[in-house]
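Notes follow once the structure below has been shown.
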Amino acid sequence: MRAQRPDWVLAVAAVALCGLGAVLVWSATEPRLLDAGQDPLTYLKRQLVNIAVGVAVMVALSATSHRVLRAYTPWAYLAAVLSLAAVLTPLGRTVNGAQAWLGLGPLQVQPSEPAKLALVLALATVLAERHDGERRPRWTQVGLALALSAPPAALIMLQPDMGTLLILAAVVLGALFAAGVALRWLLALSGSAVAAGAAAWFLGLLQPHQVSRLIAFAEPGADPLGAGYTAKEALVTVGSGGAFGRGLFNGDQTAGRFVPEQHTDFVFTVAGEELGFLGSALIVVLLAVVLWRGLRVAGRTGSFGCVAAAAVVCWLALQTFVNIGMALGLAPVIGVPLPFVSYGGSATVAALAAIGVLQSIHRGHPPKGH
Amino acid sequence: MRSRLLVLHVLIASLLLIPLIRLWDVQVRHGDDYARAAAEDHVRQVVVPQVRGGILDDRGRPLVRNRTRLAVTVDHVALTRRRDGGRAVLDRLAGVLGVPAARLAEQVRLCTAGVRPPCWPGSPYQPIPVAGEVSTRAALQIAERPELFPGVSADPVPVRDHPRGELAAHTLGYVAPSGGGDPASGIGLSGQEGLEARYDADLSGRPGRREVVVDTTGQVVRTLSETPPVAGHDLVTSIDAEVQEVAERALRRAVEGARDRRLPADAGAAVVMDVRTGRVVALAAHPGYDPDVWSGGISGDAYRELRGRLQPKAIQGQWAPGSTWKITSAAAAVKAGYALDGIYGCPGSFQVGARSFRNFRGIPLGSMPLSRALTASCDTIFYRFAYEMWLKDGGTKPVKRPRDPMQKMAAAFGFGKRTGIDLPGEAAGRLPTRAWKRSFWAQTRKQSCKEAKRARSAYVRAIAKENCVDGHRWWAGDAANFSIGQGDVLVTPLQLARAYAALANGGKLFTPRVGKAVVRADGSVVRRIKPKVAGRLPVPKKVLAYIRKALAEVPRSGTAAGAFAGFPLDRLAVAGKTGTAEAYGKKDTSWFASFAPAGKPRYAVVVVVSQGGTGASTAAPAVREIWSGMYGLEGGKAALR
């Protein structure tokens with residue numbers, strides 16, 4: 001079987017988002033770096049390195065047959081779980097109330113990001129197995145899939161990182177849905193997930209800052225100087241951009257650092273203020289292109305590819321919605337990066353690697369009728 | 001499988017469409033609202049303080065200028081927000097500044113109803129100055145530990161500087177921080193007294209405004225727009241700093257000398273006026289004060305002590321003029337028909353109705369011309385004039401339109417009303433007339449009638465009874481007292497100086513001026529200030545010349561001969577008149593009013609010392625010292641150019 005050419009539309013959209021993101025990161029970090037007397041290009045340079053590494057990984061994965069990927073999946077899964085466990089040991093580092101980072105010399109790695117991709121591959125491997133004439137996975141397969149999801153989910157809950165946990169849940173549900181698991185099972189699973197969430201709320205398992213962020217989302221005016229401050233400032237900053245924006249590097253709200261974490265979780269507010277509706281909508285459209293091409297890949301391949309591609313799309317879609325929603329007051333501030341755009345090595349490399357996986361699947365399965 | 005992918009398509013399309021719609025709503029439909037909200041976040045109005053103009057003397061020497069001090073201010077709002085009302089912060093601050101904490105607490109409380117000074121009269125949103133000048137070390141102590149001193153800051157602030165210390169403090173006045181309650185206008189300085197108040201509009205200038213973009217910590221990122229401040233204009237005055245110094249020194253020595261002679265000498269004033277222009281050359285008051293006490297808040301005790309020193313005695317002090325008044329009475333008598341070259345008797349006492357009015361110390365001086373009556377200061381001649389005029393007006397049954405020549409002449413000399421000098425708070429003095437006596441009686445009748453029954457002393461009872469029943473009538477005694485500047489007559493030193501200046505310059509009564517010109521920083525003139533002629537004396541030149549000639553004899557052979565003994569009158573012919581005014585329950589008020597050179601007068605000099613004894617013993621020597629200093633006659637350099 002002849003390998004297909006890569007999906008150039010998908011690749012170009014993803015890299016374009018990365019490039020746009022790097023410029024926004026530059027604009028968001030330049031004033032504070034100048035203030036601190038540091039090189040104003042520090043974050044831009046680092047993000048460009050992140051992107052270069054991510055593109056290299058993407059290209060390497062694209063060139064790899066998805067059968068090889070399947071073969072390495074158990075190892076990837078094992079590495080993910082072990083690194084998530086290591087985060088909780090004294091090797092881990094705490095940022096913003098969550099112990100989510102692993103320090104490897106000068107490198108800071110967030111293992112939960114590659115873990116998303118590892119879980120995608122593990123679930124696809126488990127759920128794609130088909131016996132003759134079967135259209136749906138057996139319950140043993142579903143059970144195994146859930147059993148494989150449990151350790152990373154538990155470890156991430158211990159960090160605690162509710163945002164990543166939510167994405168993980170989307171990945172699991174997306175994979176089960178795409179694999180053809182009966183709807184009533186999915187409903188039961190969703191129901192128990194909601195029940196678990198409610199239990200966590202009422203049993204007081206959530207951290208105080210998480211509770212206050214959720215309350216601030218439900219009632220934005222309740223505490224404008226506290227938890228609601230970030231949400232309010234983010235919305236004001238996006239809105240002040242108007243239709244055409246203030247121009248790159250010209251955002252007074254951005255330069256004045258009114259929105260915290262503006263180069264990572266709130267990078268969308270930089271686009272909102274400086275590029276206006278035109279630039280913000282462009283980001284949404286580029287993300288839509290990535291997701292659309294992902295679903296296209298899912299629709300043209302066999303079982304493994306379909307499950308894996310659908311899970312990747314669910315992951316990126318929910319992360320996109322929550323991240324932009326945070327800036328627009330549509331979602332609580334739970335801290336997930338905007339795929340390809342936000343600053344951060346682990347997230348950028350993981351997202352580009354996911355594109356590489358999609359390319360690998362795409363190339364291994366020529367469209368029917370060829 | 002196909003159908004499930006379709007579901008995913010729809011799901012993901014909606015996950016992206018919802019933010020897109022919201023984005024449109026926020027950025028395109030309500031973008032302007034959010035842009036305004038953002039501007040509220042990051043745009044601030046800042047007031048750029050302007051430079052207040054200086055006050056210069058006649059020769060361009062600075063009397064008031066600006067300099068910068070490290071001042072400690074306290075934010076009232078931040079302080080009261082503390083749980084203990086800021087007590088702990090004030091205690092710590094008191095330690096750094098080395099002042100009692102209670103004093104600081106007084107300084108930072110607001111002047112609301114029922115709170116007496118010291119207190120903060122400005123807006124609670126303005127920083128309140130608590131220490132006008134602190135060492136760099138103390139300022140650093142405060143600035144480096146903001147957590148220990150919340151709401152306290154040490155900043156450079158513009159303050160008024162008085163290079164000559166206490167010199168002319170009353171005339172210059174002082175400034176106070178002002179904001180008018182508008183936080184946007186920031187701290188300005190507004191004149192409170194003296195020239196600072198009168199010429200505030202010229203001196204103050206206009207603050208600038210700057211619109212800046214700040215970051216979330218309040219640091220300025222960049223400037224959006226800027227209106228530069230407009231500096232205030234300078235005020236050039238006719239005060240001559242050297243003459244002022246001479247006058248203040250002479251006044252101080254006169255007061256000290258009187259105190260050495262066991263007199264209270266509780267206050268005094270000196271005026272030097274240019275008789276040809278009506279400009280004020282020096283205006284001194286005793287006691288003085290240091291104008292720098294105002295910059296940086298003032299303690300309660302210091303304020304109470306200071307209050308007695310603040311009055312500009314030269315324009316607000318009022319005393320009976322005594323014999324200095326006789327120039328008006330003499331002019332009135334000549335106008336009423338008494339011969340200028342007549343010979344009049346000066347007995348030891350003169351019978352006015354039922355009462356006998358005595359000469360000074362009851363000494364008879366024989367017959368003399370009118371000039372000698374002034375030189376030797378005979379009282380009985382003027383009693384006679386007054387009594388005869390009173391009788392002509394009908395005596396106890398006054399005619400319908402009494403002529404009252406002496407009252408009219410005194411009014412023409414400018415007494416009984418404000419001179420209109422360019423200084424705030426001037427007193428009008430008192431010119432007792434028939435009308436005044438009637439209204440005064442109406443006001444005081446109740447009190448007099450009460451005292452007529454209750455007073456312990458028979459004398460007080462008798463006077464009170466007279467005032468109760470007949471107080472509205474103009475008695476012969478009133479007319480007699482008036483003629484020698486006693487009784488109810490009150491004048492300010494400035495009024496007397498102006499009257500003598502009018503006598504000296506041939507009859508022009510000026511509205512005196514201290515300000516000479518308002519000039520820009522580059523020296524160009526904004527406007528000139530010229531004293532107006534308020535009136536002309538209704539006295540023939542010949543009569544004025546006669547009186548001037550008579551007064552020129554006073555330091556030679558008259559009542560001031562002792563005070564001017566040894567003075568080189570041949571180099572500077574000083575003409576003048578002593579005054580020794582009785583004050584009920586107090587020691588005599590000592591006056592000397594003068595002008596020189598007698599032949600071609602240029603300046604008028606008046607000195608008064610309250611409870612200072614006779615005019616010849618206290619005020620006259622002070623005036624001699626001023627003339628000496630101005631012209632450099634008895635050693636020392638001439639203060640005048």
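Naming scheme: A, B, ... for chains in displayed order of the structure tokens; residues 1 onward per chain; ligands 1 onward as shown.
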Dump as an mmCIF file with C-alpha atoms, in the first residue's frame the residues of chain B that approach chain A to within 6 Å, counting only C-alpha atoms.
data_model
loop_
_atom_site.group_PDB
_atom_site.id
_atom_site.type_symbol
_atom_site.label_atom_id
_atom_site.label_comp_id
_atom_site.auth_asym_id
_atom_site.auth_seq_id
_atom_site.Cartn_x
_atom_site.Cartn_y
_atom_site.Cartn_z
ATOM 1 C CA LEU B 15 -18.255 24.429 20.543
ATOM 2 C CA VAL B 26 -18.331 41.562 23.115
ATOM 3 C CA GLN B 27 -15.965 43.105 20.597
ATOM 4 C CA VAL B 28 -18.120 44.453 17.800
ATOM 5 C CA GLY B 31 -16.614 47.098 22.031
ATOM 6 C CA TYR B 34 -15.475 47.690 27.103
ATOM 7 C CA ALA B 35 -12.980 50.193 25.720
ATOM 8 C CA ALA B 38 -10.559 49.473 30.015
ATOM 9 C CA ASP B 215 -0.166 49.408 34.677
ATOM 10 C CA THR B 216 -1.908 47.258 37.218
#
Quiz item: Could you write out, as a ChimeraX atom specification, all the residues of region 158-330 of chain A that DSSP marks as helix (DSSP H, G or I)?
Solution: /A:158,162-179,183-202,208-218,227-240,252-255,267-300,303-328
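Taking CA of Leu310 (chain B) and CA of Ala616 (chain B) as the two end points, the separation is 27.8 Å.
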Q. Residues at most 10 Å from Leu144 (chain A), counting only C-alpha atoms, excluding those fewer than 5 positions away in the same chain, as a PyMOL selection string?
A. chain A and resi 123+126-127+139+149-150
Restricting it to N, CA and C atoms, dump the selection as a short mmCIF file (atom, residue, chain, number, x, y, z; two decimals), in the first residue's frame.
data_model
loop_
_atom_site.label_atom_id
_atom_site.label_comp_id
_atom_site.auth_asym_id
_atom_site.auth_seq_id
_atom_site.Cartn_x
_atom_site.Cartn_y
_atom_site.Cartn_z
N LEU A 123 -6.09 4.14 24.55
CA LEU A 123 -7.51 3.87 24.41
C LEU A 123 -7.82 3.36 23.01
N VAL A 126 -6.74 -0.26 22.66
CA VAL A 126 -7.62 -1.19 23.37
C VAL A 126 -8.97 -1.33 22.68
N LEU A 127 -9.53 -0.18 22.24
CA LEU A 127 -10.91 -0.19 21.75
C LEU A 127 -11.03 -0.59 20.28
N TRP A 139 -17.59 -5.57 26.29
CA TRP A 139 -17.55 -4.87 27.57
C TRP A 139 -16.20 -5.02 28.26
N SER A 149 -7.64 4.37 31.98
CA SER A 149 -7.83 5.82 32.19
C SER A 149 -7.68 6.20 33.66
N ALA A 150 -7.99 5.23 34.52
CA ALA A 150 -8.04 5.56 35.94
C ALA A 150 -6.71 6.06 36.51
#
Counting only C-alpha atoms, give me one row per residue of region 262-378 of chain B with an atom at most 12 Å from an atom of region 54-57 of chain B, showing the shortest contact pair and its distance in Å to one decimal, sorted by chain then residue number, as a tab-separated table.
residue	atom	partner	partner_atom	distance
B:Val280	CA	B:Asp57	CA	11.0
B:Val281	CA	B:Asp57	CA	9.2
B:Ala282	CA	B:Asp57	CA	10.2
Would you list the contacts of Arg262 (chain B) as number ranges by chain, taking every protein, DNA or RNA residue within 12 Å and counting only C-alpha atoms, but skipping same-chain residues closer than 3 positions in sequence?
B: 255-259, 265-266, 587, 611-613
Notebook entry, point to check: Contacts of Phe340 (chain A) at 7 Å or less, counting only C-alpha atoms, minus same-chain residues fewer than 5 places along, as a PyMOL selection string?
Noted result: chain A and resi 14+17-18+21+348+351
What would the file look like if the residues just selected were written as a compact mmCIF listing (two decimals), in the first residue's frame with N, CA and C atoms?
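As a result, part-v1.txt now contains:
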# COMPACT_ATOMS: atom_id res chain seq x y z
N ALA A 14 -1.98 24.30 11.79
CA ALA A 14 -1.38 24.13 13.12
C ALA A 14 -0.15 25.01 13.28
N LEU A 17 -1.03 28.69 13.59
CA LEU A 17 -1.48 29.02 14.95
C LEU A 17 -0.28 29.18 15.88
N CYS A 18 0.71 28.29 15.73
CA CYS A 18 1.91 28.38 16.57
C CYS A 18 2.62 29.71 16.35
N GLY A 21 0.67 32.52 17.79
CA GLY A 21 0.80 32.44 19.25
C GLY A 21 2.13 33.02 19.72
N THR A 348 2.78 22.83 23.79
CA THR A 348 3.01 23.04 22.36
C THR A 348 3.49 21.76 21.68
N ALA A 351 0.64 19.15 21.53
CA ALA A 351 -0.37 19.44 20.52
C ALA A 351 0.16 19.15 19.12
Atom pair CA of Lys465 (chain B) + CA of Lys450 (chain B), distance 8.9 Å
